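Dropping data-v8.csv in here (CSV, N, CA and C atoms):
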```csv
chain,number,residue,atom,x,y,z
O,1,MET,N,-10.5,-39.3,138.2
O,1,MET,CA,-9.3,-40.1,138.0
O,1,MET,C,-8.4,-39.3,137.0
O,2,HIS,N,-7.1,-39.3,137.4
O,2,HIS,CA,-6.1,-38.5,136.6
O,2,HIS,C,-5.5,-39.4,135.6
O,3,SER,N,-5.1,-38.9,134.5
O,3,SER,CA,-4.3,-39.6,133.5
O,3,SER,C,-2.8,-39.7,133.9
O,4,TRP,N,-2.1,-40.7,133.4
O,4,TRP,CA,-0.7,-40.8,133.8
O,4,TRP,C,0.1,-39.6,133.3
O,5,GLY,N,-0.3,-39.0,132.2
O,5,GLY,CA,0.5,-37.8,131.7
O,5,GLY,C,0.3,-36.7,132.7
O,6,TYR,N,-0.8,-36.6,133.3
O,6,TYR,CA,-1.1,-35.5,134.3
O,6,TYR,C,-0.2,-35.8,135.6
O,7,LEU,N,-0.2,-37.0,136.0
O,7,LEU,CA,0.5,-37.3,137.2
O,7,LEU,C,2.1,-37.3,137.0
O,8,PHE,N,2.6,-37.7,135.9
O,8,PHE,CA,4.0,-37.9,135.7
O,8,PHE,C,4.6,-36.9,134.7
O,9,GLY,N,3.8,-36.1,134.0
O,9,GLY,CA,4.3,-35.2,133.0
O,9,GLY,C,5.3,-34.2,133.6
O,10,ASP,N,5.0,-33.7,134.7
O,10,ASP,CA,5.9,-32.7,135.3
O,10,ASP,C,7.2,-33.3,135.8
O,11,TYR,N,7.1,-34.6,136.3
O,11,TYR,CA,8.3,-35.3,136.8
O,11,TYR,C,9.3,-35.5,135.6
O,12,PHE,N,8.8,-35.9,134.5
O,12,PHE,CA,9.6,-36.2,133.3
O,12,PHE,C,10.0,-35.0,132.5
O,13,GLY,N,9.6,-33.8,132.9
O,13,GLY,CA,10.0,-32.6,132.2
O,13,GLY,C,9.1,-32.3,131.0
O,14,MET,N,7.9,-32.8,131.0
O,14,MET,CA,7.1,-32.5,129.9
O,14,MET,C,6.1,-31.3,130.1
O,15,LYS,N,6.0,-30.8,131.3
O,15,LYS,CA,5.1,-29.8,131.6
O,15,LYS,C,5.3,-28.5,130.7
O,16,LYS,N,6.5,-28.1,130.6
O,16,LYS,CA,6.9,-26.9,129.9
O,16,LYS,C,7.6,-27.2,128.6
O,17,GLY,N,7.4,-28.4,128.1
O,17,GLY,CA,8.0,-28.7,126.8
O,17,GLY,C,9.3,-29.4,126.8
O,18,GLY,N,9.8,-29.8,128.0
O,18,GLY,CA,11.0,-30.5,128.1
O,18,GLY,C,12.1,-29.7,128.7
O,19,PHE,N,13.3,-30.3,128.8
O,19,PHE,CA,14.4,-29.6,129.4
O,19,PHE,C,15.2,-28.7,128.5
O,20,CYS,N,14.9,-28.9,127.2
O,20,CYS,CA,15.6,-28.0,126.2
O,20,CYS,C,14.8,-27.9,124.9
O,21,GLN,N,15.2,-26.9,124.1
O,21,GLN,CA,14.6,-26.7,122.8
O,21,GLN,C,15.7,-26.8,121.8
O,22,PHE,N,15.4,-27.3,120.6
O,22,PHE,CA,16.4,-27.5,119.6
O,22,PHE,C,16.3,-26.5,118.5
O,23,TYR,N,17.5,-26.0,118.1
O,23,TYR,CA,17.6,-25.1,116.9
O,23,TYR,C,17.1,-25.8,115.7
O,24,LYS,N,16.4,-25.1,114.8
O,24,LYS,CA,15.8,-25.7,113.7
O,24,LYS,C,16.8,-26.4,112.7
O,25,ASP,N,18.0,-25.9,112.6
O,25,ASP,CA,19.0,-26.6,111.8
O,25,ASP,C,20.2,-27.0,112.7
O,26,ILE,N,19.9,-27.8,113.6
O,26,ILE,CA,20.9,-28.2,114.7
O,26,ILE,C,22.1,-28.8,114.0
O,27,TYR,N,23.3,-28.4,114.7
O,27,TYR,CA,24.6,-28.9,114.2
O,27,TYR,C,24.9,-30.2,115.0
O,28,TRP,N,25.3,-31.2,114.2
O,28,TRP,CA,25.6,-32.5,114.8
O,28,TRP,C,27.1,-32.8,114.6
O,29,GLY,N,27.6,-33.4,115.7
O,29,GLY,CA,29.0,-33.9,115.6
O,29,GLY,C,29.0,-35.1,114.7
O,30,GLU,N,30.2,-35.3,114.1
O,30,GLU,CA,30.3,-36.4,113.1
O,30,GLU,C,30.1,-37.8,113.7
O,31,THR,N,30.4,-37.9,115.0
O,31,THR,CA,30.4,-39.2,115.7
O,31,THR,C,29.1,-39.5,116.4
O,32,VAL,N,28.1,-38.6,116.3
O,32,VAL,CA,26.8,-38.8,117.0
O,32,VAL,C,26.0,-39.8,116.2
O,33,LYS,N,25.6,-40.9,116.9
O,33,LYS,CA,24.8,-42.0,116.3
O,33,LYS,C,23.4,-41.9,116.9
O,34,ASN,N,22.4,-42.5,116.3
O,34,ASN,CA,21.0,-42.5,116.8
O,34,ASN,C,20.6,-41.1,117.2
O,35,ARG,N,20.6,-40.2,116.3
O,35,ARG,CA,20.3,-38.8,116.6
O,35,ARG,C,18.9,-38.6,117.1
O,36,THR,N,17.9,-39.3,116.7
O,36,THR,CA,16.6,-39.2,117.2
O,36,THR,C,16.5,-39.5,118.6
O,37,ILE,N,17.1,-40.6,119.0
O,37,ILE,CA,17.1,-41.1,120.4
O,37,ILE,C,17.9,-40.1,121.3
O,38,VAL,N,19.0,-39.6,120.8
O,38,VAL,CA,19.8,-38.6,121.6
O,38,VAL,C,19.0,-37.4,121.8
O,39,LYS,N,18.3,-36.8,120.8
O,39,LYS,CA,17.4,-35.7,121.0
O,39,LYS,C,16.3,-35.9,122.0
O,40,TRP,N,15.6,-37.1,121.9
O,40,TRP,CA,14.5,-37.4,122.8
O,40,TRP,C,15.0,-37.5,124.2
O,41,LYS,N,16.2,-38.1,124.4
O,41,LYS,CA,16.7,-38.2,125.8
O,41,LYS,C,17.0,-36.9,126.4
O,42,LEU,N,17.6,-36.0,125.5
O,42,LEU,CA,17.9,-34.6,126.0
O,42,LEU,C,16.6,-33.9,126.4
O,43,ARG,N,15.6,-34.0,125.5
O,43,ARG,CA,14.4,-33.3,125.8
O,43,ARG,C,13.7,-33.8,127.1
O,44,MET,N,13.8,-35.1,127.4
O,44,MET,CA,13.2,-35.7,128.6
O,44,MET,C,14.1,-35.6,129.8
O,45,GLY,N,15.3,-35.0,129.6
O,45,GLY,CA,16.2,-34.9,130.8
O,45,GLY,C,16.9,-36.2,131.2
O,46,MET,N,17.0,-37.1,130.3
O,46,MET,CA,17.6,-38.4,130.6
O,46,MET,C,19.1,-38.3,130.4
O,47,GLY,N,19.8,-39.0,131.3
O,47,GLY,CA,21.3,-39.0,131.2
O,47,GLY,C,21.9,-39.8,130.1
O,48,GLN,N,23.0,-39.3,129.6
O,48,GLN,CA,23.7,-40.0,128.5
O,48,GLN,C,25.2,-39.7,128.8
O,49,PHE,N,26.0,-40.7,128.5
O,49,PHE,CA,27.4,-40.6,128.6
O,49,PHE,C,28.0,-39.9,127.4
O,50,ASN,N,28.9,-39.0,127.6
O,50,ASN,CA,29.7,-38.4,126.5
O,50,ASN,C,28.8,-37.7,125.4
O,51,VAL,N,27.8,-36.9,125.9
O,51,VAL,CA,27.0,-36.1,125.0
O,51,VAL,C,27.2,-34.6,125.5
O,52,PHE,N,27.7,-33.8,124.7
O,52,PHE,CA,27.9,-32.4,125.0
O,52,PHE,C,27.0,-31.5,124.1
O,53,CYS,N,26.4,-30.5,124.7
O,53,CYS,CA,25.5,-29.6,124.0
O,53,CYS,C,26.1,-28.2,123.9
O,54,ILE,N,25.9,-27.7,122.7
O,54,ILE,CA,26.2,-26.3,122.5
O,54,ILE,C,24.9,-25.5,122.6
O,55,THR,N,24.9,-24.6,123.7
O,55,THR,CA,23.7,-23.9,124.0
O,55,THR,C,23.9,-22.4,124.0
O,56,LYS,N,22.8,-21.7,124.1
O,56,LYS,CA,22.9,-20.3,124.2
O,56,LYS,C,23.4,-20.0,125.6
O,57,ALA,N,24.4,-19.1,125.7
O,57,ALA,CA,25.0,-18.9,127.0
O,57,ALA,C,24.1,-18.2,128.0
O,58,GLN,N,24.2,-18.5,129.2
O,58,GLN,CA,23.4,-18.0,130.3
O,58,GLN,C,23.9,-16.6,130.7
O,59,GLY,N,25.2,-16.3,130.5
O,59,GLY,CA,25.7,-15.0,130.8
O,59,GLY,C,25.5,-14.0,129.7
O,60,ILE,N,25.5,-12.7,130.1
O,60,ILE,CA,25.2,-11.6,129.1
O,60,ILE,C,26.4,-11.3,128.3
O,61,HIS,N,27.6,-11.7,128.7
O,61,HIS,CA,28.8,-11.4,127.9
O,61,HIS,C,29.3,-12.5,127.0
O,62,ASP,N,28.7,-13.7,127.1
O,62,ASP,CA,29.0,-14.8,126.3
O,62,ASP,C,27.9,-15.0,125.3
O,63,GLN,N,28.3,-15.9,124.3
O,63,GLN,CA,27.3,-16.2,123.2
O,63,GLN,C,26.9,-17.7,123.3
O,64,LEU,N,27.9,-18.5,123.3
O,64,LEU,CA,27.6,-20.0,123.3
O,64,LEU,C,28.3,-20.7,124.5
O,65,ASP,N,27.7,-21.7,125.0
O,65,ASP,CA,28.3,-22.5,126.0
O,65,ASP,C,28.4,-23.9,125.5
O,66,ILE,N,29.4,-24.7,126.1
O,66,ILE,CA,29.4,-26.1,125.9
O,66,ILE,C,29.2,-26.7,127.2
O,67,ILE,N,28.1,-27.5,127.3
O,67,ILE,CA,27.8,-28.1,128.6
O,67,ILE,C,27.6,-29.6,128.4
O,68,HIS,N,27.9,-30.4,129.4
O,68,HIS,CA,27.6,-31.8,129.4
O,68,HIS,C,26.1,-32.0,129.6
O,69,CYS,N,25.5,-33.0,128.9
O,69,CYS,CA,24.1,-33.1,129.0
O,69,CYS,C,23.6,-33.4,130.4
O,70,ALA,N,24.4,-33.8,131.3
O,70,ALA,CA,24.0,-34.1,132.7
O,70,ALA,C,23.4,-32.8,133.3
O,71,PHE,N,24.0,-31.6,132.9
O,71,PHE,CA,23.5,-30.4,133.5
O,71,PHE,C,22.0,-30.1,133.2
O,72,LEU,N,21.6,-30.7,132.0
O,72,LEU,CA,20.2,-30.4,131.6
O,72,LEU,C,19.2,-31.2,132.5
O,73,LYS,N,19.6,-32.1,133.4
O,73,LYS,CA,18.8,-32.8,134.3
O,73,LYS,C,18.4,-32.0,135.5
O,74,GLN,N,19.0,-30.8,135.7
O,74,GLN,CA,18.7,-30.0,136.8
O,74,GLN,C,17.3,-29.4,136.7
O,75,LYS,N,16.6,-29.3,137.8
O,75,LYS,CA,15.3,-28.8,137.9
O,75,LYS,C,15.1,-27.5,137.2
O,76,TYR,N,16.1,-26.6,137.3
O,76,TYR,CA,16.0,-25.3,136.6
O,76,TYR,C,15.6,-25.4,135.2
O,77,TYR,N,16.2,-26.3,134.5
O,77,TYR,CA,16.0,-26.4,133.0
O,77,TYR,C,14.6,-27.0,132.7
O,78,ARG,N,13.9,-27.6,133.6
O,78,ARG,CA,12.6,-28.1,133.4
O,78,ARG,C,11.6,-26.9,133.2
O,79,TYR,N,11.9,-25.8,133.9
O,79,TYR,CA,11.1,-24.6,133.8
O,79,TYR,C,11.7,-23.5,133.0
O,80,HIS,N,12.9,-23.6,132.6
O,80,HIS,CA,13.6,-22.7,131.8
O,80,HIS,C,14.4,-23.4,130.7
O,81,PRO,N,13.8,-24.1,129.7
O,81,PRO,CA,14.5,-24.9,128.8
O,81,PRO,C,15.5,-24.0,128.0
O,82,VAL,N,16.7,-24.6,127.8
O,82,VAL,CA,17.8,-24.0,127.1
O,82,VAL,C,17.7,-24.3,125.6
O,83,MET,N,18.2,-23.3,124.8
O,83,MET,CA,18.2,-23.6,123.4
O,83,MET,C,19.5,-24.3,123.0
O,84,VAL,N,19.4,-25.5,122.4
O,84,VAL,CA,20.5,-26.3,122.0
O,84,VAL,C,20.8,-26.1,120.5
O,85,TYR,N,22.0,-25.6,120.2
O,85,TYR,CA,22.4,-25.3,118.8
O,85,TYR,C,23.1,-26.5,118.2
O,86,GLY,N,23.8,-27.3,119.0
O,86,GLY,CA,24.6,-28.4,118.5
O,86,GLY,C,24.7,-29.5,119.5
O,87,ILE,N,25.0,-30.7,119.0
O,87,ILE,CA,25.1,-31.9,119.9
O,87,ILE,C,26.4,-32.6,119.4
O,88,ALA,N,27.3,-32.9,120.3
O,88,ALA,CA,28.5,-33.6,120.0
O,88,ALA,C,28.8,-34.8,121.0
O,89,LYS,N,29.6,-35.7,120.6
O,89,LYS,CA,30.0,-36.8,121.5
O,89,LYS,C,31.2,-36.6,122.4
O,90,SER,N,31.9,-35.5,122.1
O,90,SER,CA,33.0,-35.1,123.0
O,90,SER,C,33.2,-33.6,123.0
O,91,TYR,N,33.9,-33.2,124.0
O,91,TYR,CA,34.2,-31.7,124.2
O,91,TYR,C,34.9,-31.2,123.0
O,92,GLN,N,35.9,-31.9,122.5
O,92,GLN,CA,36.6,-31.5,121.3
O,92,GLN,C,35.7,-31.4,120.1
O,93,GLU,N,34.8,-32.3,119.9
O,93,GLU,CA,33.9,-32.3,118.8
O,93,GLU,C,33.0,-31.0,118.9
O,94,ALA,N,32.6,-30.7,120.1
O,94,ALA,CA,31.8,-29.5,120.4
O,94,ALA,C,32.5,-28.2,120.0
O,95,LEU,N,33.8,-28.2,120.3
O,95,LEU,CA,34.7,-27.1,119.9
O,95,LEU,C,34.7,-27.0,118.4
O,96,ASP,N,34.8,-28.1,117.8
O,96,ASP,CA,34.9,-28.1,116.3
O,96,ASP,C,33.6,-27.5,115.7
O,97,ILE,N,32.5,-27.8,116.3
O,97,ILE,CA,31.2,-27.3,115.9
O,97,ILE,C,31.1,-25.8,116.0
O,98,ILE,N,31.6,-25.3,117.2
O,98,ILE,CA,31.6,-23.9,117.4
O,98,ILE,C,32.5,-23.2,116.4
O,99,LEU,N,33.6,-23.8,116.1
O,99,LEU,CA,34.6,-23.3,115.1
O,99,LEU,C,33.9,-23.2,113.7
O,100,ARG,N,33.1,-24.3,113.4
O,100,ARG,CA,32.4,-24.3,112.1
O,100,ARG,C,31.3,-23.2,112.1
O,101,ILE,N,30.6,-23.0,113.2
O,101,ILE,CA,29.6,-21.9,113.3
O,101,ILE,C,30.3,-20.6,113.1
O,102,SER,N,31.4,-20.4,113.7
O,102,SER,CA,32.2,-19.1,113.6
O,102,SER,C,32.6,-18.9,112.2
O,103,GLN,N,33.1,-19.9,111.5
O,103,GLN,CA,33.6,-19.7,110.1
O,103,GLN,C,32.4,-19.4,109.2
O,104,GLU,N,31.3,-20.1,109.4
O,104,GLU,CA,30.1,-19.8,108.6
O,104,GLU,C,29.6,-18.3,108.9
O,105,ALA,N,29.6,-17.9,110.1
O,105,ALA,CA,29.2,-16.5,110.5
O,105,ALA,C,30.1,-15.5,109.8
O,106,SER,N,31.4,-15.8,109.8
O,106,SER,CA,32.3,-14.8,109.2
O,106,SER,C,32.1,-14.7,107.7
O,107,ILE,N,31.9,-15.8,107.0
O,107,ILE,CA,31.6,-15.8,105.6
O,107,ILE,C,30.4,-15.0,105.3
O,108,LYS,N,29.4,-15.1,106.1
O,108,LYS,CA,28.1,-14.3,105.9
O,108,LYS,C,28.2,-12.9,106.4
O,109,GLY,N,29.3,-12.5,107.0
O,109,GLY,CA,29.4,-11.1,107.4
O,109,GLY,C,29.1,-10.9,108.9
O,110,TYR,N,29.0,-11.9,109.7
O,110,TYR,CA,28.6,-11.8,111.1
O,110,TYR,C,29.8,-12.1,112.0
O,111,ASP,N,31.0,-11.5,111.7
O,111,ASP,CA,32.2,-11.7,112.4
O,111,ASP,C,32.0,-11.5,113.9
O,112,GLY,N,32.2,-12.5,114.7
O,112,GLY,CA,32.1,-12.4,116.2
O,112,GLY,C,30.7,-12.3,116.7
O,113,ARG,N,29.7,-12.4,115.9
O,113,ARG,CA,28.3,-12.3,116.3
O,113,ARG,C,27.5,-13.6,116.0
O,114,LEU,N,27.9,-14.7,116.7
O,114,LEU,CA,27.4,-16.0,116.4
O,114,LEU,C,25.9,-16.1,116.6
O,115,LEU,N,25.4,-15.6,117.7
O,115,LEU,CA,24.0,-15.7,118.0
O,115,LEU,C,23.2,-15.0,116.9
O,116,GLU,N,23.6,-13.8,116.5
O,116,GLU,CA,23.0,-13.1,115.5
O,116,GLU,C,22.9,-13.9,114.2
O,117,TYR,N,24.0,-14.5,113.9
O,117,TYR,CA,24.1,-15.4,112.7
O,117,TYR,C,23.1,-16.5,112.8
O,118,LEU,N,23.1,-17.2,113.9
O,118,LEU,CA,22.3,-18.4,114.1
O,118,LEU,C,20.8,-18.0,114.0
O,119,GLU,N,20.4,-16.9,114.6
O,119,GLU,CA,19.0,-16.4,114.6
O,119,GLU,C,18.6,-15.9,113.2
O,120,SER,N,19.6,-15.6,112.3
O,120,SER,CA,19.2,-15.0,111.0
O,120,SER,C,19.0,-16.2,110.0
O,121,ARG,N,19.5,-17.4,110.3
O,121,ARG,CA,19.3,-18.5,109.4
O,121,ARG,C,17.9,-19.0,109.3
```
Could you take the file, read its structure, and then write that structure out as structure tokens?
Amino acid sequence: MHSWGYLFGDYFGMKKGGFCQFYKDIYWGETVKNRTIVKWKLRMGMGQFNVFCITKAQGIHDQLDIIHCAFLKQKYYRYHPVMVYGIAKSYQEALDIILRISQEASIKGYDGRLLEYLESR
């Protein structure tokens, strides 16, 4: 007899650790409420309205992407979890977080090298 986790773990995105991974010092938008629930839903691939994630870019020429959390429900992310650096309740708030990351990187001497800065923290 199989356990429920064995039967349904892959369906809910738990086989490979979820649909995303979170940066150790994740950046939060000022208007995000219930942060623990928001993170859990993102990890499980559950939909949420007005939640945008700042992720490591998939392209080689970019550094960070802003994506709506609905994209994380795609089967691809179940097997290739994306790194989430920030969570915001609007696209504008996500842009503000990227601006904050950029300013912090510049102060620390990482002008234009956002991923390098984030990985050095």
Kindly indicate which residue among O:Arg113, O:Glu119, O:Thr36, O:Arg43 lies nearest to His61 of chain O, using only C-alpha atoms for the distances.
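Among the listed residues, O:Arg113 lies closest to His61 of chain O.
For the choices O:Lys73, O:Glu93, O:Phe49, O:Ser120, the atom-to-atom distance to Ala105 of chain O is smallest for O:Ser120 when using only C-alpha atoms.
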Around the point (26.6, -36.4, 117.1) in the file's coordinates, collect all residues with an atom within 5 Å, using all atoms listed in the file, and return them as a PyMOL selection string.
chain O and resi 28-33+87-89
Tell me which of O:Gly59, O:Gly47, O:Gly18, O:Gly86 sits closest to Leu118 of chain O, counting only C-alpha atoms.
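Ranking O:Gly59, O:Gly47, O:Gly18, O:Gly86 by distance to Leu118 of chain O, first place goes to O:Gly86.
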Could you tell me how far atom CA of Leu114 of chain O sits from atom CA of Leu64 of chain O, in Å to one decimal place?
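Those two atoms sit 8.0 Å apart.
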How many Å lie between atom N of Phe22 of chain O and atom N of Val84 of chain O, rounded to one decimal?
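According to the coordinates, atom N of Phe22 of chain O and atom N of Val84 of chain O are separated by 4.7 Å.
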Closest of O:Ser102, O:Ile37, O:Val51, O:Tyr23 to Gln63 of chain O - atom-to-atom distances counting only C-alpha atoms
O:Ser102
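Across the model, the gap from atom N of Asp65 of chain O to atom N of Met83 of chain O is 9.6 Å.
Nearest-residue note for Tyr85 of chain O: choosing from O:Val38, O:Ile101, O:Ile60, O:Ile54, the minimum distance belongs to O:Ile54, counting all atoms listed in the file.
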Min atom-atom distance to Cys53 of chain O from the set O:Cys69, O:Tyr27, O:Gln21, O:Trp40, counting only N, CA and C atoms, belongs to O:Cys69
